[in-house]
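J.: A single structure is presented below for examination.
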Amino acid sequence: MNKVYEDDTLILYNNNMADIITDIKFDFIITDPPYNIKYKYPDYDDNLPDDEYINLLSNLQGYKSAIIHYPEAICNNVCEAVGPVTKIISWCYNNNCSWKAHRAIAFFNNHPIFKNVKQPYKDYSDKRIQKMVAKGSTGARLYDWFNDIQIVKQHMKEKTKEFSNQIPIELLERIILLSTKEGDTILDPFFGSGSIYQACKNTNRKCIGIEISNKHINIFKKRFEL
């Protein structure tokens, strides 16, 4: 295995995910894999035939995981590769540049615990809610529809200029809190620009990244000044 970076939060490997995933110990996978939509990655063909794409994703089979992808791909490719889904959350966002305005977060071999994350109450004039707030409640349990986290846009502070299609750190933090415990180790086998790194630092988790592209690894190091 080609380890290229390590600190108190992260171990990062520059390898093909399929070659090393069985040799790594971790508690949970959180990832958004290449979407197979002909995106021009520097070291990866994002235009695989369906059988090859499914074979790639099948390396994630059997693990507790949350996979972010478009709903059609979850139904047609990811479930065929990984197995039956246990829960799907819809992540909806404003998008003025594409006909896609939501993605699915599909959980495998694990059920997210919605009470772990609170959301603000909708109607503070409701007497039942007022009583719960008076008793110290800070909000309602989360549910399976996220519309309060936007995609990373050009004007946002966390946007990495050299990288498109970033997953928001806030979304990754939420998935982490729904699915893992402090001290757990999370694997992102398609590490990209490394947003999972900051999300794990913010939530007191460890993480392991696998990234096939040297260019993306350099972007990650530049992004976090490592």
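Ordering of the structure tokens sets the chain letters (A, B, ...), residue numbers begin anew at 1 in every chain, and ligands are numbered from 1 in the order given.
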Excluding stretch 220-223 of chain A and residues on its chain fewer than 4 positions from it, collect all residues at most 7 Å away from it, counting only C-alpha atoms, and give them as a list in words.
T.: Thr160, Ser193, Gly194 and His216 of chain A
J.: Show which residues sit within 7 Å of stretch 135-139 of chain A, as an mmCIF file with C-alpha atoms, in the first residue's frame. Count only C-alpha atoms, and ignore same-chain residues fewer than 4 positions away.
T.:
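Output (around.cif):
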data_model
loop_
_atom_site.group_PDB
_atom_site.id
_atom_site.type_symbol
_atom_site.label_atom_id
_atom_site.label_comp_id
_atom_site.auth_asym_id
_atom_site.auth_seq_id
_atom_site.Cartn_x
_atom_site.Cartn_y
_atom_site.Cartn_z
ATOM 1 C CA LYS A 118 -31.786 17.618 16.073
ATOM 2 C CA GLN A 119 -33.505 20.078 13.760
ATOM 3 C CA PRO A 120 -35.316 23.263 14.833
ATOM 4 C CA TYR A 121 -38.991 22.945 15.644
ATOM 5 C CA LYS A 131 -43.559 22.430 26.883
#
J.: Hey, what does DSSP flag as helix (DSSP H, G or I) within stretch 6-210 of chain A? Can you give it to me as a PyMOL selection string?
T.: chain A and resi 17-23+50-60+71-82+114-116+127-134+169-179+195-203
J.: With only C-alpha atoms as the atoms that count, which of A:Leu177, A:Leu171, A:Leu56, A:Cys75 lies nearest to A:Trp91?
T.: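 Using only C-alpha atoms, A:Trp91 sits closest to A:Leu171.
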J.: Could you produce a table of the residues of stretch 175-217 of chain A lying within 9 Å of stretch 11-16 of chain A, with the nearest pair of atoms per residue and their separation in Å rounded to one decimal, using only C-alpha atoms, ordered by chain and increasing residue number, as a tab-separated table?
T.:
residue	atom	partner	partner_atom	distance
A:Pro189	CA	A:Asn16	CA	8.7
A:Phe191	CA	A:Leu12	CA	8.5
A:Lys206	CA	A:Ile11	CA	8.6
A:Cys207	CA	A:Ile11	CA	6.7
A:Ile208	CA	A:Ile11	CA	4.9
A:Gly209	CA	A:Leu12	CA	4.6
A:Ile210	CA	A:Tyr13	CA	4.9
A:Glu211	CA	A:Asn14	CA	5.1
A:Ile212	CA	A:Asn15	CA	4.9
A:Ser213	CA	A:Asn14	CA	7.0
A:Asn214	CA	A:Asn14	CA	7.0
A:Ile217	CA	A:Asn14	CA	7.8
J.: Please produce an output containing N, CA and C atoms for each residue in the selection, written as a PDB file, in the first residue's frame.
T.:
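Result file follows (result_18.pdb):
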ATOM      1  N   PRO A 189     -13.272   5.565   0.137  1.00  0.00           N
ATOM      2  CA  PRO A 189     -12.434   4.922  -0.882  1.00  0.00           C
ATOM      3  C   PRO A 189     -12.310   5.715  -2.172  1.00  0.00           C
ATOM      4  N   PHE A 191     -11.527   9.405  -2.317  1.00  0.00           N
ATOM      5  CA  PHE A 191     -11.240  10.503  -1.383  1.00  0.00           C
ATOM      6  C   PHE A 191     -11.417  11.876  -2.012  1.00  0.00           C
ATOM      7  N   LYS A 206     -11.829   9.327  13.247  1.00  0.00           N
ATOM      8  CA  LYS A 206     -10.655   9.095  12.428  1.00  0.00           C
ATOM      9  C   LYS A 206     -11.123   8.791  11.005  1.00  0.00           C
ATOM     10  N   CYS A 207     -10.229   8.956  10.041  1.00  0.00           N
ATOM     11  CA  CYS A 207     -10.621   8.577   8.686  1.00  0.00           C
ATOM     12  C   CYS A 207      -9.443   8.009   7.912  1.00  0.00           C
ATOM     13  N   ILE A 208      -9.788   7.189   6.931  1.00  0.00           N
ATOM     14  CA  ILE A 208      -8.835   6.628   5.980  1.00  0.00           C
ATOM     15  C   ILE A 208      -9.321   7.008   4.596  1.00  0.00           C
ATOM     16  N   GLY A 209      -8.418   7.503   3.777  1.00  0.00           N
ATOM     17  CA  GLY A 209      -8.767   7.850   2.409  1.00  0.00           C
ATOM     18  C   GLY A 209      -7.987   7.003   1.424  1.00  0.00           C
ATOM     19  N   ILE A 210      -8.653   6.654   0.333  1.00  0.00           N
ATOM     20  CA  ILE A 210      -7.992   6.015  -0.789  1.00  0.00           C
ATOM     21  C   ILE A 210      -8.251   6.870  -2.022  1.00  0.00           C
ATOM     22  N   GLU A 211      -7.209   7.245  -2.709  1.00  0.00           N
ATOM     23  CA  GLU A 211      -7.356   8.103  -3.890  1.00  0.00           C
ATOM     24  C   GLU A 211      -6.375   7.650  -4.959  1.00  0.00           C
ATOM     25  N   ILE A 212      -6.889   7.358  -6.132  1.00  0.00           N
ATOM     26  CA  ILE A 212      -6.057   6.862  -7.223  1.00  0.00           C
ATOM     27  C   ILE A 212      -5.289   7.980  -7.921  1.00  0.00           C
ATOM     28  N   SER A 213      -5.766   9.222  -7.802  1.00  0.00           N
ATOM     29  CA  SER A 213      -5.203  10.336  -8.560  1.00  0.00           C
ATOM     30  C   SER A 213      -4.199  11.130  -7.732  1.00  0.00           C
ATOM     31  N   ASN A 214      -2.960  11.197  -8.218  1.00  0.00           N
ATOM     32  CA  ASN A 214      -1.959  12.057  -7.585  1.00  0.00           C
ATOM     33  C   ASN A 214      -2.373  13.525  -7.639  1.00  0.00           C
ATOM     34  N   ILE A 217      -4.749  14.199  -4.848  1.00  0.00           N
ATOM     35  CA  ILE A 217      -4.038  14.207  -3.564  1.00  0.00           C
ATOM     36  C   ILE A 217      -3.336  15.548  -3.363  1.00  0.00           C
TER      37      ILE A 217
END
J.: Quick check, in Å to one decimal: how far apart do atom CA of A:Ile20 and atom CA of A:Met1 lie?
T.: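 A separation of 6.9 Å between them.
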J.: Run DSSP on the backbone of this structure and report the residues of stretch 53-124 of chain A it assigns to strand (DSSP E), as a ChimeraX atom specification.
T.: /A:65-69,87-92,102-108,118-119
J.: If we count only C-alpha atoms and set the cut-off at 12 Å, which residues sit around stretch 92-96 of chain A, ignoring sequence neighbours fewer than 3 positions away in its own chain? Please answer as a VMD selection string.
T.: chain A and resid 70 to 71 89 99 to 105 144 to 153 167 to 168 171
J.: Based on the selection just made, write N, CA and C atoms of those residues as a PDB file, in the first residue's frame.
T.:
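Result went into again_27.pdb, see below:
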ATOM      1  N   TYR A  70     -26.894   9.651  -7.440  1.00  0.00           N
ATOM      2  CA  TYR A  70     -28.206   9.993  -7.970  1.00  0.00           C
ATOM      3  C   TYR A  70     -29.151   8.805  -7.790  1.00  0.00           C
ATOM      4  N   PRO A  71     -30.445   9.075  -7.559  1.00  0.00           N
ATOM      5  CA  PRO A  71     -31.387   7.993  -7.239  1.00  0.00           C
ATOM      6  C   PRO A  71     -31.423   6.878  -8.271  1.00  0.00           C
ATOM      7  N   ILE A  89     -32.090   8.424   2.218  1.00  0.00           N
ATOM      8  CA  ILE A  89     -32.409   9.805   2.561  1.00  0.00           C
ATOM      9  C   ILE A  89     -32.303  10.638   1.297  1.00  0.00           C
ATOM     10  N   TRP A  99     -30.380  19.985 -14.396  1.00  0.00           N
ATOM     11  CA  TRP A  99     -31.718  19.453 -14.158  1.00  0.00           C
ATOM     12  C   TRP A  99     -31.757  18.565 -12.927  1.00  0.00           C
ATOM     13  N   LYS A 100     -30.597  18.271 -12.344  1.00  0.00           N
ATOM     14  CA  LYS A 100     -30.544  17.479 -11.123  1.00  0.00           C
ATOM     15  C   LYS A 100     -30.619  18.406  -9.915  1.00  0.00           C
ATOM     16  N   ALA A 101     -31.583  18.191  -9.041  1.00  0.00           N
ATOM     17  CA  ALA A 101     -31.728  19.025  -7.851  1.00  0.00           C
ATOM     18  C   ALA A 101     -31.843  18.193  -6.578  1.00  0.00           C
ATOM     19  N   HIS A 102     -31.502  16.917  -6.657  1.00  0.00           N
ATOM     20  CA  HIS A 102     -31.419  16.123  -5.440  1.00  0.00           C
ATOM     21  C   HIS A 102     -30.590  14.872  -5.696  1.00  0.00           C
ATOM     22  N   ARG A 103     -30.041  14.349  -4.625  1.00  0.00           N
ATOM     23  CA  ARG A 103     -29.325  13.087  -4.654  1.00  0.00           C
ATOM     24  C   ARG A 103     -29.825  12.208  -3.519  1.00  0.00           C
ATOM     25  N   ALA A 104     -29.502  10.955  -3.608  1.00  0.00           N
ATOM     26  CA  ALA A 104     -29.873  10.006  -2.558  1.00  0.00           C
ATOM     27  C   ALA A 104     -28.652   9.690  -1.707  1.00  0.00           C
ATOM     28  N   ILE A 105     -28.894   9.504  -0.417  1.00  0.00           N
ATOM     29  CA  ILE A 105     -27.885   8.978   0.496  1.00  0.00           C
ATOM     30  C   ILE A 105     -28.388   7.606   0.910  1.00  0.00           C
ATOM     31  N   ASP A 144     -35.918  11.843   7.089  1.00  0.00           N
ATOM     32  CA  ASP A 144     -35.195  11.392   5.892  1.00  0.00           C
ATOM     33  C   ASP A 144     -35.375  12.305   4.681  1.00  0.00           C
ATOM     34  N   TRP A 145     -35.288  13.600   4.918  1.00  0.00           N
ATOM     35  CA  TRP A 145     -35.428  14.582   3.838  1.00  0.00           C
ATOM     36  C   TRP A 145     -34.582  15.786   4.232  1.00  0.00           C
ATOM     37  N   PHE A 146     -33.430  15.952   3.592  1.00  0.00           N
ATOM     38  CA  PHE A 146     -32.536  17.068   3.904  1.00  0.00           C
ATOM     39  C   PHE A 146     -32.709  18.141   2.837  1.00  0.00           C
ATOM     40  N   ASN A 147     -33.171  19.315   3.235  1.00  0.00           N
ATOM     41  CA  ASN A 147     -33.253  20.425   2.285  1.00  0.00           C
ATOM     42  C   ASN A 147     -32.625  21.697   2.847  1.00  0.00           C
ATOM     43  N   ASP A 148     -31.839  21.545   3.897  1.00  0.00           N
ATOM     44  CA  ASP A 148     -31.228  22.695   4.562  1.00  0.00           C
ATOM     45  C   ASP A 148     -29.723  22.789   4.312  1.00  0.00           C
ATOM     46  N   ILE A 149     -29.185  21.898   3.482  1.00  0.00           N
ATOM     47  CA  ILE A 149     -27.763  21.924   3.155  1.00  0.00           C
ATOM     48  C   ILE A 149     -27.629  22.053   1.642  1.00  0.00           C
ATOM     49  N   GLN A 150     -26.950  23.087   1.203  1.00  0.00           N
ATOM     50  CA  GLN A 150     -26.817  23.355  -0.220  1.00  0.00           C
ATOM     51  C   GLN A 150     -25.559  22.690  -0.793  1.00  0.00           C
ATOM     52  N   ILE A 151     -25.571  22.455  -2.100  1.00  0.00           N
ATOM     53  CA  ILE A 151     -24.362  21.997  -2.766  1.00  0.00           C
ATOM     54  C   ILE A 151     -23.294  23.086  -2.663  1.00  0.00           C
ATOM     55  N   VAL A 152     -22.045  22.698  -2.840  1.00  0.00           N
ATOM     56  CA  VAL A 152     -20.942  23.657  -2.760  1.00  0.00           C
ATOM     57  C   VAL A 152     -20.891  24.455  -4.063  1.00  0.00           C
ATOM     58  N   LYS A 153     -21.101  25.764  -3.934  1.00  0.00           N
ATOM     59  CA  LYS A 153     -21.128  26.637  -5.106  1.00  0.00           C
ATOM     60  C   LYS A 153     -19.877  27.509  -5.149  1.00  0.00           C
ATOM     61  N   ILE A 167     -18.745  17.424  -2.119  1.00  0.00           N
ATOM     62  CA  ILE A 167     -19.819  17.173  -1.164  1.00  0.00           C
ATOM     63  C   ILE A 167     -19.623  18.108   0.029  1.00  0.00           C
ATOM     64  N   PRO A 168     -20.657  18.807   0.471  1.00  0.00           N
ATOM     65  CA  PRO A 168     -20.493  19.750   1.585  1.00  0.00           C
ATOM     66  C   PRO A 168     -20.013  19.059   2.856  1.00  0.00           C
ATOM     67  N   LEU A 171     -22.834  18.210   5.222  1.00  0.00           N
ATOM     68  CA  LEU A 171     -23.589  16.991   4.919  1.00  0.00           C
ATOM     69  C   LEU A 171     -22.846  15.758   5.421  1.00  0.00           C
TER      70      LEU A 171
END
J.: Pick out the residues sitting within 6 Å of stretch 57-64 of chain A, and hand them over as a ChimeraX atom specification; count only C-alpha atoms, and ignore anything fewer than 3 positions along from it in its own chain.
T.: /A:28,54,81-82,108-110
J.: Near A:Glu170, counting only C-alpha atoms, which residues have an atom at most 10 Å away, once you skip same-chain residues fewer than 5 positions from it, shown as number ranges by chain?
T.: A: 149-150, 175-176, 195-196, 198-199, 202
J.: Measuring between only C-alpha atoms, which one of A:Ala66, A:Ile88, A:Val78, A:Leu178 shows the shortest distance to A:Asp50?
T.: A:Val78
J.: Kindly indicate which residue among A:Asn2, A:Thr31, A:Gln166, A:Ser179 lies nearest to A:Ile67, using only C-alpha atoms for the distances.
T.: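 Ranked by minimum distance to A:Ile67, first place goes to A:Thr31.
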J.: Would you list the contacts of A:Asn204 as a VMD selection string, taking every protein, DNA or RNA residue within 12 Å and counting only C-alpha atoms, but skipping same-chain residues closer than 6 positions in sequence?
T.: chain A and resid 8 to 10 173 176 to 177 180 to 186 196 to 198
